[in-house]
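S.K.: Please read through the structure below; I'll follow up with questions.
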Amino acid sequence: MTELLVGTRKGLFVLEATPGSDFEIVARAFEGEPVDYAMREPHSGRLFAAVTSPFWGPRIWYTDGPPDGDWQSADGVLLPRGGDTALKRIWVIVASDDGTRMWAGGDPGVLFESRDNGTSWELNRALFEHPTRERWKPDSGGLSVHSIAPWPGDPDRLALAISAAGIWLTDDGGRTWRHGNEGIVAEYLPEQARGTAIDLCVHHIERAQGRPERLFMQFHGGVYRSDDAGETWVDIAAGLPSNFGFPVVLDPDDPDSAYVIPVSTRDRVTPDGRVLVWETRDAGATWIARGSGLPDRDAYLQILRQSFDRGGAGDELELYFGATSGEIFGSRDVGRTWFGVATRLPAIASVRVGR
Amino acid sequence: MMSGNRRRTSRDRMLADMATVRLRGQLEKLAGGGSEHEVQGTTVTELLKELEATHGALEGWILDERGVLRRHINVFVNGELAEPNTAVSAGDKIEILPAISGG
């Protein structure tokens, strides 16, 4: 059985399918409210949803029961009282591979950590009070910690991506942070400014599980790979129809693998009305288009950074992505062929494989 | 010896200085289940801060971390839409409701 957790502008949708069968909507939660992200912690099975209520503000909710049952509001998902900044949104929730920690990233460029399976959270003060913060700039979606890449087996080592404040690295559990921006070329800045710029609009990063010093990045104009744990980056976009896009997905069994969905630089939708997922199996040296079963005409999809995920690995790799048009597409054969998972959902903000 | 008239205690005086805040739905649950709460404060913001201080689970729901009333929350004082600095007097009836918004 595959479970998809779909965060939309109008609530959480949970879809399920057994191998070979169609997906069905089996539960809804937070009807009418924007669910920006939802995930299932793999060790405990606890479900999490990041909900930005237009009335009550952003919260993390969790449940140990069915998704259409009662949810609890997690404690501590707030910025310091009495300051001049308020939390605007939670963008991502990630669990360490050993189940001991969780992290949540949000706007304005903040990181929370939990050591009790997401029941309570604590703001990372070192990042919140970083002396360079006044130079961080939001992109059109805000100032967001949207990607958190823990190191397998060592939860003290993290890489973060912030739009638009670049890559941040810690080796001491978040007590200190440093940049990892070398090699990233921000084409949207004057050449003279590129060397020292920190307003780098990273769209997404993912860490290769079998080779954790390797990360892949979709940038705001560029696709990059790092082989030194995020310290330096090389451009691997040659061969793609566009170097613009948002999500990246990796096959956990193959550290040379990455999947991206290029969109047009000009309008940020699938180019020429055709939907294609591009795959590399040689760390970005070459790319191959995977589009069998995907719309090949009149499809101008907007696919957000949290709306592409995978289940399984290797020969059993499944891939799923959703669009703001409310459509979800999936592949059960490592991207070779695709099928429609759902249509006519509200605008999709995130797609995660729950289990 | 007790007189015929009950002596006005400090608690009575405090209650007399208080406004009544009515909560519904999620806010009512967060405040422990009671819909009406006696809260002290001279302005809407002051009163809401006191409400949060008394019921910690409400922290961040009505006022954000800056102490600013959330954008789509309406506060009514005796049925009139109020501003954060609207004066509140003892005995006033306060209602906190989501605004009409959507899309």
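Quick note on naming: the chains in the structure tokens go A, B, ... in the order shown, residues restart at 1 in each chain, and ligands are numbered from 1 in order of appearance.
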Per DSSP on the backbone, what are the alpha helix (DSSP H) residues of chain B, as a list of chain:residue names?

M.R.: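 Across chain B, those assigned alpha helix (DSSP H) are B:Ser10, B:Arg11, B:Asp12, B:Arg13, B:Met14, B:Leu15, B:Ala16, B:Gly25, B:Gln26, B:Leu27, B:Glu28, B:Lys29, B:Leu30, B:Val44, B:Thr45, B:Glu46, B:Leu47, B:Leu48, B:Lys49, B:Glu50, B:Leu51, B:Glu52, B:Ala53, B:Thr54.
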
S.K.: Hey, which bits of chain B sit within 10 Å of chain A, and for each residue what's the closest pair of atoms and how far apart in Å (one decimal), counting only C-alpha atoms, rows by chain and increasing number, as JSON lines?

M.R.:
{"residue": "B:Gln26", "atom": "CA", "partner": "A:Trp56", "partner_atom": "CA", "distance": 9.7}
{"residue": "B:Leu27", "atom": "CA", "partner": "A:Trp56", "partner_atom": "CA", "distance": 9.5}
{"residue": "B:Leu30", "atom": "CA", "partner": "A:Ser73", "partner_atom": "CA", "distance": 9.9}
{"residue": "B:Ala57", "atom": "CA", "partner": "A:Asp75", "partner_atom": "CA", "distance": 8.6}
{"residue": "B:Leu58", "atom": "CA", "partner": "A:Trp56", "partner_atom": "CA", "distance": 9.9}
{"residue": "B:Glu59", "atom": "CA", "partner": "A:Leu78", "partner_atom": "CA", "distance": 8.9}
{"residue": "B:Gly60", "atom": "CA", "partner": "A:Leu78", "partner_atom": "CA", "distance": 7.2}
{"residue": "B:Trp61", "atom": "CA", "partner": "A:Trp56", "partner_atom": "CA", "distance": 4.9}
{"residue": "B:Ile62", "atom": "CA", "partner": "A:Trp56", "partner_atom": "CA", "distance": 6.3}
{"residue": "B:Leu63", "atom": "CA", "partner": "A:Trp56", "partner_atom": "CA", "distance": 8.6}
{"residue": "B:Asp64", "atom": "CA", "partner": "A:Ala86", "partner_atom": "CA", "distance": 6.1}
{"residue": "B:Glu65", "atom": "CA", "partner": "A:Arg81", "partner_atom": "CA", "distance": 4.7}
{"residue": "B:Arg66", "atom": "CA", "partner": "A:Gly82", "partner_atom": "CA", "distance": 4.9}
{"residue": "B:Gly67", "atom": "CA", "partner": "A:Gly82", "partner_atom": "CA", "distance": 6.4}
{"residue": "B:Val68", "atom": "CA", "partner": "A:Ala86", "partner_atom": "CA", "distance": 9.1}
{"residue": "B:Leu69", "atom": "CA", "partner": "A:Trp56", "partner_atom": "CA", "distance": 9.9}
{"residue": "B:Arg70", "atom": "CA", "partner": "A:Phe55", "partner_atom": "CA", "distance": 6.8}
{"residue": "B:Arg71", "atom": "CA", "partner": "A:Phe55", "partner_atom": "CA", "distance": 7.1}
{"residue": "B:His72", "atom": "CA", "partner": "A:Phe55", "partner_atom": "CA", "distance": 5.0}
{"residue": "B:Ile73", "atom": "CA", "partner": "A:Phe55", "partner_atom": "CA", "distance": 5.9}
{"residue": "B:Asn74", "atom": "CA", "partner": "A:Phe55", "partner_atom": "CA", "distance": 9.5}
{"residue": "B:Leu97", "atom": "CA", "partner": "A:Phe55", "partner_atom": "CA", "distance": 9.0}
{"residue": "B:Pro98", "atom": "CA", "partner": "A:Phe55", "partner_atom": "CA", "distance": 6.0}
{"residue": "B:Ala99", "atom": "CA", "partner": "A:Phe55", "partner_atom": "CA", "distance": 7.6}
{"residue": "B:Ile100", "atom": "CA", "partner": "A:Phe55", "partner_atom": "CA", "distance": 9.9}
{"residue": "B:Ser101", "atom": "CA", "partner": "A:Pro54", "partner_atom": "CA", "distance": 8.4}
{"residue": "B:Gly102", "atom": "CA", "partner": "A:Pro54", "partner_atom": "CA", "distance": 8.5}
{"residue": "B:Gly103", "atom": "CA", "partner": "A:Gly32", "partner_atom": "CA", "distance": 9.4}

S.K.: Residues of stretch 204-317 of chain A within 6 Å of stretch 324-345 of chain A: nearest atom pair and distance (Å, one decimal) for each, counting only C-alpha atoms, sorted by chain and number, as JSON lines?

M.R.:
{"residue": "A:Ser292", "atom": "CA", "partner": "A:Thr337", "partner_atom": "CA", "distance": 4.9}
{"residue": "A:Gly293", "atom": "CA", "partner": "A:Trp338", "partner_atom": "CA", "distance": 4.6}
{"residue": "A:Leu294", "atom": "CA", "partner": "A:Trp338", "partner_atom": "CA", "distance": 6.0}
{"residue": "A:Gln302", "atom": "CA", "partner": "A:Thr324", "partner_atom": "CA", "distance": 5.6}
{"residue": "A:Leu317", "atom": "CA", "partner": "A:Val334", "partner_atom": "CA", "distance": 4.9}

S.K.: In Å to one decimal, how far is atom CA of A:Gln209 from atom CA of A:Pro252?

M.R.: 5.3 Å

S.K.: Identify, on the basis of only C-alpha atoms, every residue whose closest approach to A:Ala49 does not exceed 6 Å; exclude the query and any residue fewer than 3 positions from it along the same chain; express the result as an MDAnalysis selection string.

M.R.: chainID A and resid 37:38 60:61

S.K.: Please write the residues from the selection above to a file, keeping N, CA and C atoms, as a tab-separated table (two decimals), in the first residue's frame.

M.R.:
chain	number	residue	atom	x	y	z
A	37	TYR	N	2.30	21.60	4.26
A	37	TYR	CA	3.18	20.44	4.27
A	37	TYR	C	2.58	19.39	5.18
A	38	ALA	N	2.72	18.14	4.82
A	38	ALA	CA	2.30	17.04	5.70
A	38	ALA	C	3.26	15.89	5.51
A	60	ILE	N	2.03	23.68	13.78
A	60	ILE	CA	2.26	22.27	13.46
A	60	ILE	C	1.25	21.45	14.26
A	61	TRP	N	0.55	20.59	13.55
A	61	TRP	CA	-0.41	19.70	14.18
A	61	TRP	C	0.08	18.26	14.04

S.K.: I want to know what sits within 9 Å of A:Gln218, based on only C-alpha atoms, with residues of the same chain fewer than 3 positions away left out; could you give that as a PDB file with N, CA and C atoms, in the first residue's frame?

M.R.:
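Heads up, here's the output in out11.pdb:
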ATOM      1  N   VAL A 202      18.039  29.431  -3.277  1.00  0.00           N
ATOM      2  CA  VAL A 202      18.015  27.975  -3.436  1.00  0.00           C
ATOM      3  C   VAL A 202      16.554  27.531  -3.406  1.00  0.00           C
ATOM      4  N   HIS A 203      16.184  26.690  -4.365  1.00  0.00           N
ATOM      5  CA  HIS A 203      14.794  26.231  -4.388  1.00  0.00           C
ATOM      6  C   HIS A 203      14.594  24.912  -3.643  1.00  0.00           C
ATOM      7  N   HIS A 204      15.612  24.056  -3.665  1.00  0.00           N
ATOM      8  CA  HIS A 204      15.465  22.792  -2.943  1.00  0.00           C
ATOM      9  C   HIS A 204      16.816  22.083  -2.897  1.00  0.00           C
ATOM     10  N   ILE A 205      17.065  21.351  -1.798  1.00  0.00           N
ATOM     11  CA  ILE A 205      18.225  20.458  -1.760  1.00  0.00           C
ATOM     12  C   ILE A 205      17.785  19.097  -1.224  1.00  0.00           C
ATOM     13  N   GLY A 221      17.614  29.129 -11.221  1.00  0.00           N
ATOM     14  CA  GLY A 221      18.473  29.243 -12.400  1.00  0.00           C
ATOM     15  C   GLY A 221      19.759  28.461 -12.189  1.00  0.00           C
ATOM     16  N   GLY A 222      19.652  27.141 -12.227  1.00  0.00           N
ATOM     17  CA  GLY A 222      20.825  26.290 -12.041  1.00  0.00           C
ATOM     18  C   GLY A 222      20.435  25.003 -11.342  1.00  0.00           C
ATOM     19  N   VAL A 223      21.097  23.916 -11.729  1.00  0.00           N
ATOM     20  CA  VAL A 223      20.994  22.653 -11.003  1.00  0.00           C
ATOM     21  C   VAL A 223      22.411  22.296 -10.590  1.00  0.00           C
ATOM     22  N   TYR A 224      22.609  21.986  -9.328  1.00  0.00           N
ATOM     23  CA  TYR A 224      23.964  21.833  -8.793  1.00  0.00           C
ATOM     24  C   TYR A 224      24.102  20.519  -8.035  1.00  0.00           C
ATOM     25  N   ASN A 243      17.247  25.422 -16.812  1.00  0.00           N
ATOM     26  CA  ASN A 243      17.915  25.223 -15.519  1.00  0.00           C
ATOM     27  C   ASN A 243      17.066  25.738 -14.366  1.00  0.00           C
ATOM     28  N   PHE A 244      15.800  26.043 -14.641  1.00  0.00           N
ATOM     29  CA  PHE A 244      14.890  26.559 -13.629  1.00  0.00           C
ATOM     30  C   PHE A 244      13.943  25.445 -13.197  1.00  0.00           C
ATOM     31  N   GLY A 245      13.601  25.436 -11.945  1.00  0.00           N
ATOM     32  CA  GLY A 245      12.668  24.445 -11.431  1.00  0.00           C
ATOM     33  C   GLY A 245      12.584  24.579  -9.928  1.00  0.00           C
ATOM     34  N   PHE A 246      11.883  23.679  -9.312  1.00  0.00           N
ATOM     35  CA  PHE A 246      11.724  23.770  -7.857  1.00  0.00           C
ATOM     36  C   PHE A 246      12.121  22.484  -7.131  1.00  0.00           C
ATOM     37  N   PRO A 247      11.442  21.358  -7.315  1.00  0.00           N
ATOM     38  CA  PRO A 247      11.800  20.192  -6.496  1.00  0.00           C
ATOM     39  C   PRO A 247      12.952  19.368  -7.070  1.00  0.00           C
ATOM     40  N   VAL A 248      13.528  18.547  -6.214  1.00  0.00           N
ATOM     41  CA  VAL A 248      14.512  17.531  -6.587  1.00  0.00           C
ATOM     42  C   VAL A 248      14.164  16.277  -5.795  1.00  0.00           C
ATOM     43  N   VAL A 260      14.493  15.886 -11.627  1.00  0.00           N
ATOM     44  CA  VAL A 260      14.041  17.276 -11.562  1.00  0.00           C
ATOM     45  C   VAL A 260      12.904  17.468 -12.573  1.00  0.00           C
TER      46      VAL A 260
END

S.K.: At what distance in Å, to one decimal, does atom CA of A:Glu206 lie from atom CA of A:Arg352?

M.R.: 14.1 Å
